[in-house]
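K.L.:
Here you go, structure-v1.csv (CSV, C-alpha atoms):
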chain,number,residue,atom,x,y,z
G,1,MET,CA,41.7,8.4,15.0
G,2,PRO,CA,38.6,6.8,16.7
G,3,ARG,CA,36.5,4.5,14.6
G,4,VAL,CA,33.0,5.6,13.8
G,5,SER,CA,30.3,3.0,14.6
G,6,GLN,CA,28.0,1.5,12.0
G,7,ASP,CA,25.1,3.0,13.9
G,8,HIS,CA,26.6,6.4,13.6
G,9,MET,CA,27.3,5.9,9.9
G,10,ASP,CA,23.7,4.8,9.4
G,11,ALA,CA,22.3,7.7,11.3
G,12,ARG,CA,24.4,10.1,9.3
G,13,ARG,CA,23.2,8.5,6.0
G,14,ARG,CA,19.6,8.9,7.1
G,15,GLN,CA,20.2,12.5,8.0
G,16,ILE,CA,21.7,13.2,4.6
G,17,LEU,CA,18.8,11.4,2.8
G,18,ALA,CA,16.2,13.3,4.9
G,19,GLY,CA,17.7,16.7,4.1
G,20,ALA,CA,18.3,15.8,0.5
G,21,ARG,CA,14.7,14.6,0.1
G,22,ARG,CA,13.5,18.1,1.2
G,23,CYS,CA,16.0,19.8,-1.0
G,24,PHE,CA,15.1,17.8,-4.1
G,25,ALA,CA,11.4,18.2,-3.4
G,26,GLU,CA,11.7,22.0,-3.1
G,27,TYR,CA,14.3,22.7,-5.9
G,28,GLY,CA,14.2,19.7,-8.2
G,29,PHE,CA,17.3,17.8,-9.2
G,30,GLU,CA,18.9,20.6,-11.1
G,31,GLY,CA,18.1,23.2,-8.5
G,32,ALA,CA,19.4,21.1,-5.6
G,33,THR,CA,22.9,22.5,-5.7
G,34,VAL,CA,25.6,21.2,-3.5
G,35,ARG,CA,25.3,24.4,-1.4
G,36,ARG,CA,21.6,23.8,-1.0
G,37,LEU,CA,22.2,20.2,-0.1
G,38,GLU,CA,24.7,21.3,2.6
G,39,GLU,CA,22.1,23.7,4.0
G,40,ALA,CA,19.3,21.1,3.9
G,41,THR,CA,21.4,18.4,5.6
G,42,GLY,CA,23.4,20.7,7.9
G,43,LEU,CA,26.5,18.9,6.7
G,44,SER,CA,29.5,19.8,4.6
G,45,ARG,CA,29.9,18.5,1.0
G,46,GLY,CA,32.7,16.3,2.3
G,47,ALA,CA,30.4,14.6,4.8
G,48,ILE,CA,27.6,14.2,2.2
G,49,PHE,CA,29.9,12.8,-0.5
G,50,HIS,CA,31.6,10.5,1.9
G,51,HIS,CA,28.4,8.6,1.9
G,52,PHE,CA,27.4,9.1,-1.8
G,53,ASP,CA,29.6,9.2,-4.8
G,54,ASP,CA,27.8,12.2,-6.3
G,55,LYS,CA,24.5,14.0,-6.5
G,56,ASP,CA,23.1,11.5,-8.9
G,57,ALA,CA,23.9,8.6,-6.5
G,58,LEU,CA,22.3,10.5,-3.7
G,59,PHE,CA,19.1,11.1,-5.7
G,60,LEU,CA,19.1,7.4,-6.8
G,61,ALA,CA,19.5,6.3,-3.2
G,62,LEU,CA,16.4,8.4,-2.2
G,63,ALA,CA,14.4,7.0,-5.1
G,64,HIS,CA,15.5,3.5,-4.1
G,65,ASP,CA,14.4,4.0,-0.4
G,66,ASP,CA,11.1,5.4,-1.6
G,67,ALA,CA,10.6,2.4,-3.9
G,68,GLU,CA,11.4,0.0,-1.1
G,69,ALA,CA,8.9,1.7,1.3
G,70,MET,CA,6.3,1.8,-1.4
G,71,ALA,CA,6.9,-1.9,-2.2
G,72,ALA,CA,6.5,-2.9,1.4
G,73,THR,CA,3.2,-1.0,1.7
G,74,VAL,CA,2.0,-2.4,-1.6
G,75,ALA,CA,2.9,-6.0,-0.5
G,76,GLU,CA,0.9,-5.7,2.7
G,77,GLN,CA,-2.0,-3.4,1.8
G,78,GLY,CA,-2.0,-2.6,-1.9
G,79,LEU,CA,-1.2,0.4,-4.1
G,80,VAL,CA,-4.6,2.0,-3.4
G,81,GLN,CA,-3.7,2.1,0.3
G,82,VAL,CA,-0.5,4.0,-0.6
G,83,MET,CA,-2.7,6.5,-2.4
G,84,ARG,CA,-5.0,6.7,0.6
G,85,GLU,CA,-2.1,7.4,2.9
G,86,ILE,CA,-0.8,10.1,0.6
G,87,LEU,CA,-4.3,11.6,0.6
G,88,ALA,CA,-4.6,11.4,4.4
G,89,ASP,CA,-1.4,13.4,4.9
G,90,PRO,CA,0.2,14.8,1.7
G,91,GLY,CA,2.7,16.7,3.8
G,92,GLU,CA,4.1,13.4,5.2
G,93,PHE,CA,5.0,12.4,1.6
G,94,SER,CA,7.8,14.7,0.8
G,95,TRP,CA,8.8,12.0,-1.7
G,96,LEU,CA,6.0,13.3,-4.0
G,97,GLY,CA,8.5,15.9,-5.3
G,98,THR,CA,11.1,13.2,-5.7
G,99,ARG,CA,8.6,11.0,-7.6
G,100,LEU,CA,7.9,13.9,-10.0
G,101,GLU,CA,11.6,14.4,-10.5
G,102,ILE,CA,12.0,10.7,-11.2
G,103,ALA,CA,9.4,10.9,-13.9
G,104,ARG,CA,11.2,13.8,-15.5
G,105,ARG,CA,14.6,12.2,-15.3
G,106,ILE,CA,13.2,8.9,-16.8
G,107,ARG,CA,12.0,10.9,-19.7
G,108,THR,CA,15.1,13.0,-20.3
G,109,ASP,CA,18.1,11.0,-19.0
G,110,PRO,CA,18.8,7.6,-20.6
G,111,THR,CA,21.4,6.7,-18.0
G,112,PHE,CA,19.1,7.4,-15.1
G,113,ARG,CA,16.3,5.6,-16.9
G,114,GLU,CA,18.5,2.4,-17.0
G,115,ARG,CA,19.5,2.7,-13.4
G,116,TRP,CA,16.0,3.3,-12.3
G,117,ARG,CA,14.5,0.3,-14.0
G,118,ASP,CA,15.7,-2.1,-11.3
G,119,ARG,CA,14.2,0.1,-8.6
G,120,GLN,CA,10.9,0.3,-10.3
G,121,HIS,CA,10.9,-3.5,-10.8
G,122,GLU,CA,10.8,-3.9,-7.0
G,123,VAL,CA,7.5,-2.0,-6.8
G,124,ASP,CA,6.1,-3.7,-9.9
G,125,GLU,CA,6.9,-7.2,-8.5
G,126,ALA,CA,5.3,-6.3,-5.1
G,127,LEU,CA,2.2,-5.0,-6.8
G,128,VAL,CA,1.7,-7.9,-9.2
G,129,ALA,CA,2.3,-10.4,-6.3
G,130,ARG,CA,-0.4,-8.5,-4.2
G,131,LEU,CA,-2.8,-8.5,-7.1
G,132,ARG,CA,-2.3,-12.3,-7.8
G,133,GLU,CA,-2.8,-13.0,-4.0
G,134,GLN,CA,-6.0,-11.0,-4.0
G,135,LYS,CA,-7.2,-12.8,-7.2
G,136,ALA,CA,-6.5,-16.2,-5.6
G,137,ALA,CA,-8.4,-15.1,-2.5
G,138,GLY,CA,-11.4,-14.2,-4.7
G,139,ARG,CA,-11.3,-10.5,-4.0
G,140,MET,CA,-10.1,-9.3,-7.4
G,141,ARG,CA,-11.5,-9.6,-10.9
G,142,THR,CA,-10.1,-12.6,-12.8
G,143,ASP,CA,-10.9,-11.3,-16.2
G,144,VAL,CA,-8.2,-8.7,-16.3
G,145,PRO,CA,-4.5,-9.8,-16.2
G,146,ALA,CA,-2.5,-8.7,-13.2
G,147,ASP,CA,0.0,-6.7,-15.4
G,148,VAL,CA,-2.9,-4.7,-16.8
G,149,MET,CA,-4.2,-4.0,-13.3
G,150,ARG,CA,-0.7,-2.9,-12.3
G,151,THR,CA,-0.5,-0.5,-15.1
G,152,TYR,CA,-3.9,0.8,-14.4
G,153,LEU,CA,-3.0,1.5,-10.7
G,154,GLU,CA,0.3,3.0,-11.6
G,155,VAL,CA,-1.4,5.5,-14.0
G,156,ILE,CA,-3.9,6.4,-11.2
G,157,LEU,CA,-1.0,6.9,-8.8
G,158,ASP,CA,0.9,9.1,-11.2
G,159,GLY,CA,-2.3,11.1,-11.9
G,160,LEU,CA,-2.9,11.5,-8.1
G,161,ILE,CA,0.7,12.7,-7.6
G,162,ASN,CA,0.3,15.2,-10.5
G,163,HIS,CA,-3.1,16.3,-9.1
G,164,LEU,CA,-1.6,17.0,-5.7
G,165,ALA,CA,1.6,18.6,-7.0
G,166,THR,CA,-0.4,21.1,-9.0
G,167,GLY,CA,-2.4,22.1,-5.9
G,168,ARG,CA,-5.8,21.0,-7.2
G,169,GLY,CA,-6.8,19.8,-3.7
G,170,THR,CA,-8.3,16.6,-2.4
G,171,ALA,CA,-12.0,17.1,-2.9
G,172,HIS,CA,-13.6,13.9,-4.3
G,173,VAL,CA,-10.2,12.1,-4.5
G,174,SER,CA,-11.2,9.6,-1.7
G,175,ALA,CA,-14.4,8.8,-3.6
G,176,MET,CA,-12.4,8.4,-6.8
G,177,LEU,CA,-10.1,5.9,-4.9
G,178,ASP,CA,-13.3,4.0,-3.9
G,179,LEU,CA,-14.3,3.9,-7.5
G,180,VAL,CA,-10.8,2.5,-8.5
G,181,GLU,CA,-11.1,-0.2,-5.8
G,182,ASP,CA,-14.6,-1.1,-6.9
G,183,SER,CA,-13.4,-1.4,-10.5
G,184,LEU,CA,-10.9,-4.1,-9.5
G,185,ARG,CA,-12.9,-6.0,-7.0
G,186,THR,CA,-15.2,-9.0,-7.6
G,187,GLY,CA,-18.0,-7.6,-5.4
G,188,ARG,CA,-17.4,-10.3,-2.8
G,189,ASP,CA,-15.6,-9.6,0.5
Turn this file's structure into structure tokens for me.

P.N.:
Amino acid sequence: MPRVSQDHMDARRRQILAGARRCFAEYGFEGATVRRLEEATGLSRGAIFHHFDDKDALFLALAHDDAEAMAATVAEQGLVQVMREILADPGEFSWLGTRLEIARRIRTDPTFRERWRDRQHEVDEALVARLREQKAAGRMRTDVPADVMRTYLEVILDGLINHLATGRGTAHVSAMLDLVEDSLRTGRD
């Protein structure tokens, strides 16, 4: 039997994650049945679960990838930039549905909540580091602790995701993000 290259394995994993992301976004965790995952990925259950132990592990891998991508953007450009990118092209962010599902599972599933904590920590660390860097550069307010600013921005992000998920549109959201940025900046650039 020929060996499968690591590149092939990585490509297959990406294929599974991309299809699963669409499936979870459309049907939620509970509605993303194995049959629907097979249809969304174009692969058999054997192929899917060769790469992931179970549906929960697949969902957590998606959430982890999303957390890593968000942390990278936050580290370079800040959380408000993540929100601006979402606003610029909401269709590009199929992980919005995944993010809503994460919130539901954190609330209802203690095992998932525990497993997710480490993933969320990556984003939190990147955001706090970015805020401290901006404070040190004189661009952010110094009278508000970085952890308070982080919480503030995360609540805004969650609200934006909910706003978009409920179909309320994007009117005035860009101006709202300007207001959020202005509330954190020192006024000097």

K.L.:
Find, counting all atoms listed in the file, the residue in G:Arg84, G:Arg113, G:Arg14, G:Arg45 that gets nearest to Val180 of chain G.

P.N.:
G:Arg84

K.L.:
Env of Arg119 of chain G: 7 Å cut, atoms = all atoms listed in the file, seq-sep filter 3 positions within chain, self excluded. Answer as a ChimeraX atom specification.

P.N.:
/G:64,67,116,122

K.L.:
I'd like to know which of G:Asp89, G:Glu101, G:Asp158, G:Asp56 is closest to Thr170 of chain G, using only C-alpha atoms.

P.N.:
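Ranked by minimum distance to Thr170 of chain G, first place goes to G:Asp89.
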
K.L.:
Using only C-alpha atoms, which of G:Arg117, G:Arg132, G:Arg36, G:Arg12 sits nearest Ala146 of chain G?

P.N.:
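Closest candidate: G:Arg132.
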
K.L.:
For atom CA of Ala40 of chain G and atom CA of Leu100 of chain G, determine how far apart the two atoms are, in Å to one decimal place.

P.N.:
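So the two atoms, atom CA of Ala40 of chain G and atom CA of Leu100 of chain G, lie 19.4 Å apart.
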
K.L.:
Rank G:Gly97, G:Pro145, G:Pro90, G:Gly78 by their smallest atom-to-atom distance to Arg22 of chain G, using all atoms listed in the file, and report the top residue only.

P.N.:
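Distance minimum relative to Arg22 of chain G lands on G:Gly97.
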
K.L.:
From the structure block, carefully write segment 1-28 of chain G out with N, CA, C and O atoms; format it as a CSV table (one decimal), in the first residue's frame.

P.N.:
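Saved result, decode_12.csv, follows:
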chain,number,residue,atom,x,y,z
G,1,MET,N,0.8,-1.2,0.0
G,1,MET,CA,0.0,0.0,0.0
G,1,MET,C,0.9,1.2,0.0
G,1,MET,O,1.8,1.4,0.8
G,2,PRO,N,0.7,2.2,-0.9
G,2,PRO,CA,1.5,3.4,-1.0
G,2,PRO,C,1.3,4.3,0.2
G,2,PRO,O,0.2,4.4,0.7
G,3,ARG,N,2.4,4.9,0.6
G,3,ARG,CA,2.3,5.9,1.7
G,3,ARG,C,1.7,7.2,1.2
G,3,ARG,O,1.9,7.6,0.1
G,4,VAL,N,0.9,7.8,2.0
G,4,VAL,CA,0.3,9.1,1.7
G,4,VAL,C,1.2,10.2,2.2
G,4,VAL,O,1.6,10.1,3.4
G,5,SER,N,1.5,11.2,1.4
G,5,SER,CA,2.4,12.2,1.8
G,5,SER,C,1.7,13.1,2.9
G,5,SER,O,0.5,13.2,3.0
G,6,GLN,N,2.6,13.8,3.6
G,6,GLN,CA,2.1,14.7,4.7
G,6,GLN,C,1.3,15.8,4.0
G,6,GLN,O,0.3,16.3,4.5
G,7,ASP,N,1.8,16.3,2.8
G,7,ASP,CA,1.0,17.3,2.1
G,7,ASP,C,-0.4,16.9,1.8
G,7,ASP,O,-1.3,17.7,1.9
G,8,HIS,N,-0.5,15.6,1.3
G,8,HIS,CA,-1.8,15.1,1.0
G,8,HIS,C,-2.7,15.0,2.3
G,8,HIS,O,-3.9,15.4,2.2
G,9,MET,N,-2.1,14.6,3.4
G,9,MET,CA,-2.9,14.5,4.6
G,9,MET,C,-3.3,15.9,5.1
G,9,MET,O,-4.4,16.1,5.5
G,10,ASP,N,-2.4,16.9,5.0
G,10,ASP,CA,-2.7,18.2,5.3
G,10,ASP,C,-3.8,18.8,4.5
G,10,ASP,O,-4.8,19.5,4.9
G,11,ALA,N,-3.8,18.5,3.2
G,11,ALA,CA,-4.8,19.0,2.2
G,11,ALA,C,-6.1,18.4,2.5
G,11,ALA,O,-7.2,19.1,2.5
G,12,ARG,N,-6.1,17.1,2.8
G,12,ARG,CA,-7.4,16.4,3.2
G,12,ARG,C,-8.0,17.0,4.5
G,12,ARG,O,-9.2,17.2,4.6
G,13,ARG,N,-7.1,17.3,5.4
G,13,ARG,CA,-7.6,17.9,6.7
G,13,ARG,C,-8.2,19.2,6.5
G,13,ARG,O,-9.3,19.5,7.0
G,14,ARG,N,-7.6,20.0,5.6
G,14,ARG,CA,-8.1,21.4,5.3
G,14,ARG,C,-9.5,21.2,4.6
G,14,ARG,O,-10.4,22.0,4.8
G,15,GLN,N,-9.6,20.2,3.7
G,15,GLN,CA,-10.8,20.0,3.0
G,15,GLN,C,-11.9,19.6,4.0
G,15,GLN,O,-13.1,20.1,3.9
G,16,ILE,N,-11.6,18.8,4.9
G,16,ILE,CA,-12.6,18.4,5.9
G,16,ILE,C,-13.0,19.6,6.8
G,16,ILE,O,-14.2,19.8,7.0
G,17,LEU,N,-12.1,20.4,7.2
G,17,LEU,CA,-12.4,21.5,8.0
G,17,LEU,C,-13.2,22.5,7.3
G,17,LEU,O,-14.2,23.1,7.8
G,18,ALA,N,-12.9,22.8,6.0
G,18,ALA,CA,-13.7,23.7,5.2
G,18,ALA,C,-15.1,23.3,5.0
G,18,ALA,O,-16.1,24.0,5.2
G,19,GLY,N,-15.3,22.0,4.7
G,19,GLY,CA,-16.7,21.5,4.6
G,19,GLY,C,-17.4,21.5,5.9
G,19,GLY,O,-18.6,21.8,6.0
G,20,ALA,N,-16.7,21.1,6.9
G,20,ALA,CA,-17.3,21.0,8.3
G,20,ALA,C,-17.7,22.4,8.7
G,20,ALA,O,-18.8,22.6,9.3
G,21,ARG,N,-16.9,23.4,8.4
G,21,ARG,CA,-17.2,24.8,8.8
G,21,ARG,C,-18.5,25.2,8.2
G,21,ARG,O,-19.4,25.8,8.9
G,22,ARG,N,-18.7,24.9,6.9
G,22,ARG,CA,-20.0,25.3,6.2
G,22,ARG,C,-21.1,24.5,6.9
G,22,ARG,O,-22.2,25.1,7.1
G,23,CYS,N,-20.9,23.3,7.2
G,23,CYS,CA,-22.0,22.4,7.7
G,23,CYS,C,-22.4,22.9,9.1
G,23,CYS,O,-23.6,23.1,9.4
G,24,PHE,N,-21.4,23.2,10.0
G,24,PHE,CA,-21.7,23.6,11.3
G,24,PHE,C,-22.4,25.0,11.3
G,24,PHE,O,-23.3,25.3,12.1
G,25,ALA,N,-21.9,25.9,10.3
G,25,ALA,CA,-22.5,27.2,10.2
G,25,ALA,C,-24.0,27.1,9.8
G,25,ALA,O,-24.8,27.9,10.3
G,26,GLU,N,-24.2,26.2,8.9
G,26,GLU,CA,-25.6,26.1,8.4
G,26,GLU,C,-26.6,25.4,9.4
G,26,GLU,O,-27.7,25.8,9.5
G,27,TYR,N,-26.1,24.3,10.0
G,27,TYR,CA,-27.0,23.4,10.8
G,27,TYR,C,-26.7,23.5,12.3
G,27,TYR,O,-27.5,22.9,13.0
G,28,GLY,N,-25.7,24.1,12.7
G,28,GLY,CA,-25.3,24.1,14.1
G,28,GLY,C,-24.7,22.8,14.5
G,28,GLY,O,-24.6,21.8,13.6
